[in-house]
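Asks: What follows is a single structure, and I will ask about it in a moment.
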Amino acid sequence: MKSIVILISGRGSNMASLIDAAAAGTLPVRVAAVLANRPAAPGLEFAAARGIPTRVVDHARHAGRDAFDAALAEAIDAFTPDLVVLAGFMRILGDGFVARYAGRLINIHPSLLPAFPGLHTHQRALDEGVRIHGCTVHFVTPALDHGPIIAQAAVPVLDGDDAASLAARVLAQEHRLYPLAVRWFAEGRLRLAGGRVELAAGQDADGCLISPALRERR
Ligand code: GRF
């Protein structure tokens, strides 16, 4: 069975969705460890309570990005994971780090990339007046929130939404999408070709999820 290491910075609800899916048997991976760059990341407690090894690599205790990246890589490699999963990990990783895990480092971002890379995605989506918003799982490349897209989930933007209500609607889809994308990796169904992801045929979705709220409108 393939193993994963999950990197978090905070709440860890995406991490929890992966741990729960693995425990339920719907995600065929072993969660080898959860690593955080903040000692107070609430998600650490959840992971530890599930018996998953946790480690903290505190960015504040390292002099510069290179030293932090090296310490993080050392902590990750101790668990020899097949895949490194960023789940609300709020540090920018250097080019060397990204190259070291090329093809086995993925991230979830709360927008339909390439729209709205960076922070405050939900408010920016509201400000632009988009009607459809969502989330993206992608392979990590040196450019921030930019890399071959594995899967996306779409939600409607509703009249009266604020950033919090929109974030909650997107987050519900994140919790469906990330376990699905990690499963595809674990099943060996993802292939990178010409900078794009090809998904080998399977019985389930084809890389695109649509929230029930949006499906009802079609
Ligand atoms: C999620 O919206 C994720 O897409 C983004 O940061 C948030 C993390 O939430 N990268 P959580 O820590 O997984 O609850």
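For the structure tokens, the naming scheme is as follows: chains receive sequential letters (A, B, ...) according to their order of presentation, residues are indexed from 1 within each chain, and ligands are indexed from 1 in presentation order.
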Tell me, as a ChimeraX atom specification, which residues lie within 7 Å of segment 34-48 of chain A, counting only C-alpha atoms; anything in the same chain fewer than 6 positions away does not count.
Replies: /A:5-12,54-59
Asks: With all heavy atoms retained, could you export that selection as a compact mmCIF listing (two decimals), in the first residue's frame?
Replies:
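And here is the file that came out, result_12.txt:
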```txt
# COMPACT_ATOMS: atom_id res chain seq x y z
N VAL A 5 2.60 11.38 3.47
CA VAL A 5 2.84 12.29 4.58
C VAL A 5 2.04 13.55 4.28
O VAL A 5 2.04 14.05 3.16
CB VAL A 5 4.34 12.61 4.74
CG1 VAL A 5 4.56 13.86 5.59
CG2 VAL A 5 5.08 11.43 5.36
N ILE A 6 1.31 14.03 5.29
CA ILE A 6 0.45 15.22 5.11
C ILE A 6 1.09 16.40 5.84
O ILE A 6 1.50 16.27 6.99
CB ILE A 6 -0.96 14.96 5.67
CG1 ILE A 6 -1.58 13.71 5.04
CG2 ILE A 6 -1.86 16.17 5.42
CD1 ILE A 6 -2.91 13.29 5.67
N LEU A 7 1.17 17.53 5.15
CA LEU A 7 1.73 18.75 5.74
C LEU A 7 0.61 19.76 6.00
O LEU A 7 -0.16 20.07 5.08
CB LEU A 7 2.75 19.38 4.78
CG LEU A 7 4.22 18.93 4.90
CD1 LEU A 7 4.36 17.43 4.84
CD2 LEU A 7 5.07 19.59 3.82
N ILE A 8 0.54 20.26 7.22
CA ILE A 8 -0.50 21.22 7.58
C ILE A 8 0.12 22.44 8.26
O ILE A 8 1.28 22.41 8.71
CB ILE A 8 -1.55 20.59 8.54
CG1 ILE A 8 -0.90 20.21 9.88
CG2 ILE A 8 -2.22 19.39 7.91
CD1 ILE A 8 -1.91 19.83 10.97
N SER A 9 -0.71 23.49 8.36
CA SER A 9 -0.31 24.66 9.15
C SER A 9 -1.33 24.99 10.22
O SER A 9 -1.03 25.75 11.14
CB SER A 9 -0.12 25.89 8.26
OG SER A 9 0.98 25.72 7.40
N GLY A 10 -2.56 24.51 10.07
CA GLY A 10 -3.61 24.97 10.98
C GLY A 10 -4.63 23.92 11.32
O GLY A 10 -4.30 22.83 11.79
N ARG A 11 -5.88 24.27 11.03
CA ARG A 11 -7.06 23.49 11.40
C ARG A 11 -6.99 22.03 10.97
O ARG A 11 -7.33 21.11 11.72
CB ARG A 11 -8.23 24.22 10.73
CG ARG A 11 -9.54 23.61 10.72
CD ARG A 11 -10.51 24.56 10.05
NE ARG A 11 -10.25 24.70 8.61
CZ ARG A 11 -11.00 25.42 7.79
NH1 ARG A 11 -12.03 26.10 8.26
NH2 ARG A 11 -10.71 25.50 6.51
N GLY A 12 -6.61 21.80 9.72
CA GLY A 12 -6.40 20.42 9.28
C GLY A 12 -7.66 19.67 8.91
O GLY A 12 -7.70 18.44 9.01
N THR A 54 3.20 12.44 14.56
CA THR A 54 3.23 13.86 14.18
C THR A 54 4.61 14.44 14.46
O THR A 54 5.32 13.98 15.37
CB THR A 54 2.19 14.68 14.98
OG1 THR A 54 2.50 14.60 16.37
CG2 THR A 54 0.78 14.17 14.74
N ARG A 55 4.99 15.41 13.66
CA ARG A 55 6.24 16.12 13.85
C ARG A 55 6.00 17.59 13.58
O ARG A 55 5.18 17.95 12.74
CB ARG A 55 7.32 15.65 12.86
CG ARG A 55 7.67 14.18 12.94
CD ARG A 55 8.61 13.87 14.11
NE ARG A 55 9.02 12.48 14.10
CZ ARG A 55 8.30 11.48 14.59
NH1 ARG A 55 7.12 11.72 15.15
NH2 ARG A 55 8.74 10.23 14.55
N VAL A 56 6.76 18.43 14.30
CA VAL A 56 6.72 19.87 14.04
C VAL A 56 8.08 20.30 13.51
O VAL A 56 9.11 19.99 14.12
CB VAL A 56 6.37 20.66 15.32
CG1 VAL A 56 6.49 22.16 15.06
CG2 VAL A 56 4.97 20.32 15.80
N VAL A 57 8.06 20.97 12.38
CA VAL A 57 9.27 21.64 11.88
C VAL A 57 8.91 23.11 11.85
O VAL A 57 8.24 23.60 10.94
CB VAL A 57 9.67 21.13 10.48
CG1 VAL A 57 10.94 21.82 10.01
CG2 VAL A 57 9.84 19.61 10.48
N ASP A 58 9.30 23.79 12.90
CA ASP A 58 8.85 25.17 13.13
C ASP A 58 9.66 26.13 12.25
O ASP A 58 10.87 26.28 12.44
CB ASP A 58 9.05 25.50 14.63
CG ASP A 58 8.45 26.83 15.01
OD1 ASP A 58 8.09 27.61 14.10
OD2 ASP A 58 8.34 27.09 16.22
N HIS A 59 8.96 26.78 11.33
CA HIS A 59 9.69 27.68 10.41
C HIS A 59 10.36 28.82 11.18
O HIS A 59 11.40 29.32 10.76
CB HIS A 59 8.74 28.24 9.35
CG HIS A 59 7.65 29.09 9.90
ND1 HIS A 59 6.45 28.58 10.35
CD2 HIS A 59 7.58 30.42 10.10
CE1 HIS A 59 5.70 29.56 10.80
NE2 HIS A 59 6.35 30.68 10.67
```
Asks: Just the alpha helix (DSSP H) stuff from segment 12-140 of chain A, please, per backbone DSSP, written as JSON, numbers by chain.
Replies: {"A": [13, 14, 15, 16, 17, 18, 19, 20, 21, 22, 23, 24, 43, 44, 45, 46, 47, 48, 49, 65, 66, 67, 68, 69, 70, 71, 72, 73, 74, 75, 76, 77, 95, 96, 97, 98, 99, 100, 121, 122, 123, 124, 125, 126, 127, 128]}
Asks: How would the residues just picked look written out with N, CA and C atoms as a compact mmCIF listing (two decimals), in the first residue's frame?
Replies:
```
# COMPACT_ATOMS: atom_id res chain seq x y z
N SER A 13 -8.69 20.37 8.44
CA SER A 13 -9.91 19.63 8.08
C SER A 13 -9.71 18.79 6.83
N ASN A 14 -8.90 19.25 5.90
CA ASN A 14 -8.59 18.41 4.73
C ASN A 14 -7.78 17.19 5.15
N MET A 15 -6.81 17.42 6.03
CA MET A 15 -6.04 16.30 6.59
C MET A 15 -6.98 15.27 7.21
N ALA A 16 -7.96 15.77 7.99
CA ALA A 16 -8.90 14.87 8.66
C ALA A 16 -9.72 14.08 7.64
N SER A 17 -10.08 14.73 6.53
CA SER A 17 -10.87 14.00 5.52
C SER A 17 -10.04 12.87 4.92
N LEU A 18 -8.74 13.08 4.78
CA LEU A 18 -7.87 12.02 4.25
C LEU A 18 -7.69 10.90 5.27
N ILE A 19 -7.47 11.28 6.52
CA ILE A 19 -7.30 10.27 7.58
C ILE A 19 -8.58 9.44 7.72
N ASP A 20 -9.72 10.12 7.71
CA ASP A 20 -11.00 9.42 7.85
C ASP A 20 -11.24 8.47 6.67
N ALA A 21 -10.92 8.94 5.46
CA ALA A 21 -11.14 8.09 4.28
C ALA A 21 -10.22 6.87 4.32
N ALA A 22 -8.98 7.08 4.77
CA ALA A 22 -8.04 5.94 4.87
C ALA A 22 -8.55 4.95 5.93
N ALA A 23 -9.05 5.49 7.04
CA ALA A 23 -9.54 4.61 8.12
C ALA A 23 -10.79 3.86 7.67
N ALA A 24 -11.60 4.51 6.85
CA ALA A 24 -12.85 3.89 6.39
C ALA A 24 -12.62 2.88 5.26
N GLY A 43 -4.67 20.79 13.95
CA GLY A 43 -4.78 19.49 13.28
C GLY A 43 -3.86 18.43 13.87
N LEU A 44 -2.78 18.85 14.52
CA LEU A 44 -1.82 17.89 15.09
C LEU A 44 -2.49 17.00 16.12
N GLU A 45 -3.38 17.60 16.90
CA GLU A 45 -4.05 16.86 17.97
C GLU A 45 -4.96 15.77 17.39
N PHE A 46 -5.67 16.14 16.34
CA PHE A 46 -6.56 15.18 15.68
C PHE A 46 -5.75 13.98 15.19
N ALA A 47 -4.63 14.26 14.52
CA ALA A 47 -3.81 13.18 13.97
C ALA A 47 -3.27 12.29 15.09
N ALA A 48 -2.75 12.93 16.14
CA ALA A 48 -2.17 12.17 17.25
C ALA A 48 -3.23 11.29 17.90
N ALA A 49 -4.45 11.82 18.01
CA ALA A 49 -5.54 11.04 18.62
C ALA A 49 -5.89 9.82 17.78
N ARG A 65 14.67 30.29 4.39
CA ARG A 65 13.86 29.26 3.75
C ARG A 65 14.66 27.98 3.45
N ASP A 66 15.91 28.14 3.04
CA ASP A 66 16.68 26.95 2.68
C ASP A 66 16.85 26.02 3.87
N ALA A 67 17.14 26.61 5.03
CA ALA A 67 17.33 25.79 6.24
C ALA A 67 16.02 25.12 6.63
N PHE A 68 14.92 25.86 6.51
CA PHE A 68 13.61 25.28 6.83
C PHE A 68 13.27 24.15 5.86
N ASP A 69 13.46 24.41 4.57
CA ASP A 69 13.15 23.39 3.56
C ASP A 69 13.96 22.12 3.80
N ALA A 70 15.23 22.29 4.16
CA ALA A 70 16.10 21.13 4.39
C ALA A 70 15.61 20.33 5.59
N ALA A 71 15.24 21.03 6.66
CA ALA A 71 14.75 20.34 7.86
C ALA A 71 13.42 19.64 7.57
N LEU A 72 12.59 20.29 6.79
CA LEU A 72 11.29 19.70 6.44
C LEU A 72 11.50 18.44 5.59
N ALA A 73 12.39 18.53 4.62
CA ALA A 73 12.65 17.37 3.75
C ALA A 73 13.20 16.21 4.59
N GLU A 74 14.05 16.53 5.53
CA GLU A 74 14.62 15.47 6.38
C GLU A 74 13.51 14.77 7.18
N ALA A 75 12.61 15.60 7.73
CA ALA A 75 11.50 15.04 8.52
C ALA A 75 10.57 14.20 7.64
N ILE A 76 10.32 14.67 6.43
CA ILE A 76 9.46 13.91 5.50
C ILE A 76 10.12 12.59 5.13
N ASP A 77 11.40 12.68 4.73
CA ASP A 77 12.08 11.49 4.18
C ASP A 77 12.25 10.39 5.22
N ASP A 95 12.43 26.19 -4.73
CA ASP A 95 12.52 25.40 -5.97
C ASP A 95 13.19 24.05 -5.75
N GLY A 96 14.24 24.04 -4.89
CA GLY A 96 14.96 22.79 -4.64
C GLY A 96 14.05 21.76 -3.97
N PHE A 97 13.27 22.23 -3.02
CA PHE A 97 12.33 21.34 -2.32
C PHE A 97 11.32 20.77 -3.31
N VAL A 98 10.76 21.66 -4.12
CA VAL A 98 9.74 21.23 -5.09
C VAL A 98 10.34 20.23 -6.08
N ALA A 99 11.58 20.48 -6.53
CA ALA A 99 12.22 19.57 -7.48
C ALA A 99 12.46 18.20 -6.85
N ARG A 100 12.82 18.20 -5.57
CA ARG A 100 13.10 16.94 -4.87
C ARG A 100 11.88 16.02 -4.88
N THR A 121 -9.12 33.88 -1.60
CA THR A 121 -9.73 33.48 -2.87
C THR A 121 -11.24 33.71 -2.89
N HIS A 122 -11.90 33.47 -1.75
CA HIS A 122 -13.36 33.55 -1.75
C HIS A 122 -13.83 35.01 -1.88
N GLN A 123 -13.19 35.89 -1.15
CA GLN A 123 -13.54 37.32 -1.27
C GLN A 123 -13.25 37.83 -2.68
N ARG A 124 -12.14 37.39 -3.23
CA ARG A 124 -11.79 37.85 -4.59
C ARG A 124 -12.80 37.33 -5.61
N ALA A 125 -13.26 36.09 -5.41
CA ALA A 125 -14.27 35.54 -6.32
C ALA A 125 -15.56 36.36 -6.22
N LEU A 126 -15.94 36.73 -4.99
CA LEU A 126 -17.13 37.56 -4.81
C LEU A 126 -16.94 38.94 -5.45
N ASP A 127 -15.77 39.51 -5.24
CA ASP A 127 -15.50 40.85 -5.79
C ASP A 127 -15.57 40.85 -7.32
N GLU A 128 -15.16 39.73 -7.93
CA GLU A 128 -15.19 39.65 -9.40
C GLU A 128 -16.58 39.29 -9.92
```
Asks: Mind the document's chain letters and residue numbers, and return as a PyMOL selection string the residues of segment 22-188 of chain A that DSSP labels strand (DSSP E or B).
Replies: chain A and resi 29-36+54-56+83-86+105-109+132-139+149-156
Asks: Would you please work out which residue, of A:Leu166, A:Ala115, A:Leu27, A:Leu86, is nearest to Arg183 of chain A when using only C-alpha atoms?
Replies: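 Counting only C-alpha atoms, the residue closest to Arg183 of chain A is A:Leu27.
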Asks: How far is it from atom CA of Phe185 of chain A to atom CA of Gly51 of chain A, in Å with one decimal?
Replies: 23.8 Å
Asks: Of the candidates A:Ile210, A:Ala87, A:Ala201, A:Ala151, which shows the shortest atom-to-atom distance to Leu113 of chain A, using only C-alpha atoms?
Replies: A:Ala151
Asks: Just checking: using only C-alpha atoms, which residue out of A:Thr26, A:Ser211, A:Thr80, A:Asn107 ends up closest to Val137 of chain A?
Replies: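 When distances to Val137 of chain A are compared using only C-alpha atoms, the smallest one comes from A:Asn107.
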Asks: In terms of the shortest atom-to-atom distance over only C-alpha atoms and all ligand atoms, which of A:Cys208, A:Ala186, A:Val85, A:Val130 is closest to ligand 1?
Replies: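 When distances to ligand 1 are compared using only C-alpha atoms and all ligand atoms, the smallest one comes from A:Val85.
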Asks: Which residue is closest to Arg30 of chain A? Choose from A:Gly134, A:Val182, A:Val155, A:Pro148 and count only C-alpha atoms.
Replies: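 Nearest candidate to Arg30 of chain A out of A:Gly134, A:Val182, A:Val155, A:Pro148: A:Val182.
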Asks: Using only C-alpha atoms and all ligand atoms, can you tell me which of A:Phe139, A:Phe89, A:Tyr101, A:Trp184 comes closest to ligand 1?
Replies: A:Phe89
Asks: Quick check, in Å to one decimal: how far apart do atom CA of Met90 of chain A and atom CA of Gly160 of chain A lie?
Replies: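 Distance reported for this atom pair: 29.0 Å.
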Asks: For Ile4 of chain A, find every residue with an atom within 7 Å (counting only C-alpha atoms), except residues of its own chain fewer than 6 positions away, and show them as a list in words.
Replies: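 The neighbour list is Val29, Arg30, Val31, Ala32, Pro81, Asp82, Leu83, Val84 and Val85 of chain A.
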Asks: Could you turn the residues from that selection into a file that holds N, CA and C atoms, as a tab-separated table (two decimals), in the first residue's frame?
Replies:
```
chain	number	residue	atom	x	y	z
A	29	VAL	N	-4.48	4.15	1.22
A	29	VAL	CA	-3.14	4.63	1.56
A	29	VAL	C	-2.93	4.50	3.07
A	30	ARG	N	-1.66	4.48	3.42
A	30	ARG	CA	-1.30	4.54	4.84
A	30	ARG	C	-0.82	5.96	5.12
A	31	VAL	N	-1.45	6.60	6.11
A	31	VAL	CA	-1.00	7.94	6.48
A	31	VAL	C	0.18	7.76	7.43
A	32	ALA	N	1.40	7.95	6.89
A	32	ALA	CA	2.61	7.64	7.66
A	32	ALA	C	2.89	8.68	8.73
A	81	PRO	N	7.69	8.49	2.29
A	81	PRO	CA	6.35	8.44	1.68
A	81	PRO	C	6.42	8.35	0.16
A	82	ASP	N	5.37	7.77	-0.41
A	82	ASP	CA	5.24	7.79	-1.87
A	82	ASP	C	4.73	9.14	-2.35
A	83	LEU	N	3.97	9.82	-1.48
A	83	LEU	CA	3.33	11.07	-1.88
A	83	LEU	C	3.35	12.04	-0.70
A	84	VAL	N	3.63	13.30	-0.99
A	84	VAL	CA	3.58	14.35	0.02
A	84	VAL	C	2.37	15.23	-0.29
A	85	VAL	N	1.51	15.39	0.71
A	85	VAL	CA	0.20	16.02	0.50
A	85	VAL	C	0.14	17.32	1.30
```
Asks: When you look at Ile108 of chain A with a cut-off of 8 Å (counting only C-alpha atoms), what residues show up, excluding the ones that are within fewer than 2 positions of it in the same chain? I need them as a ChimeraX atom specification.
Replies: /A:86-88,106,110,135-138,174,178
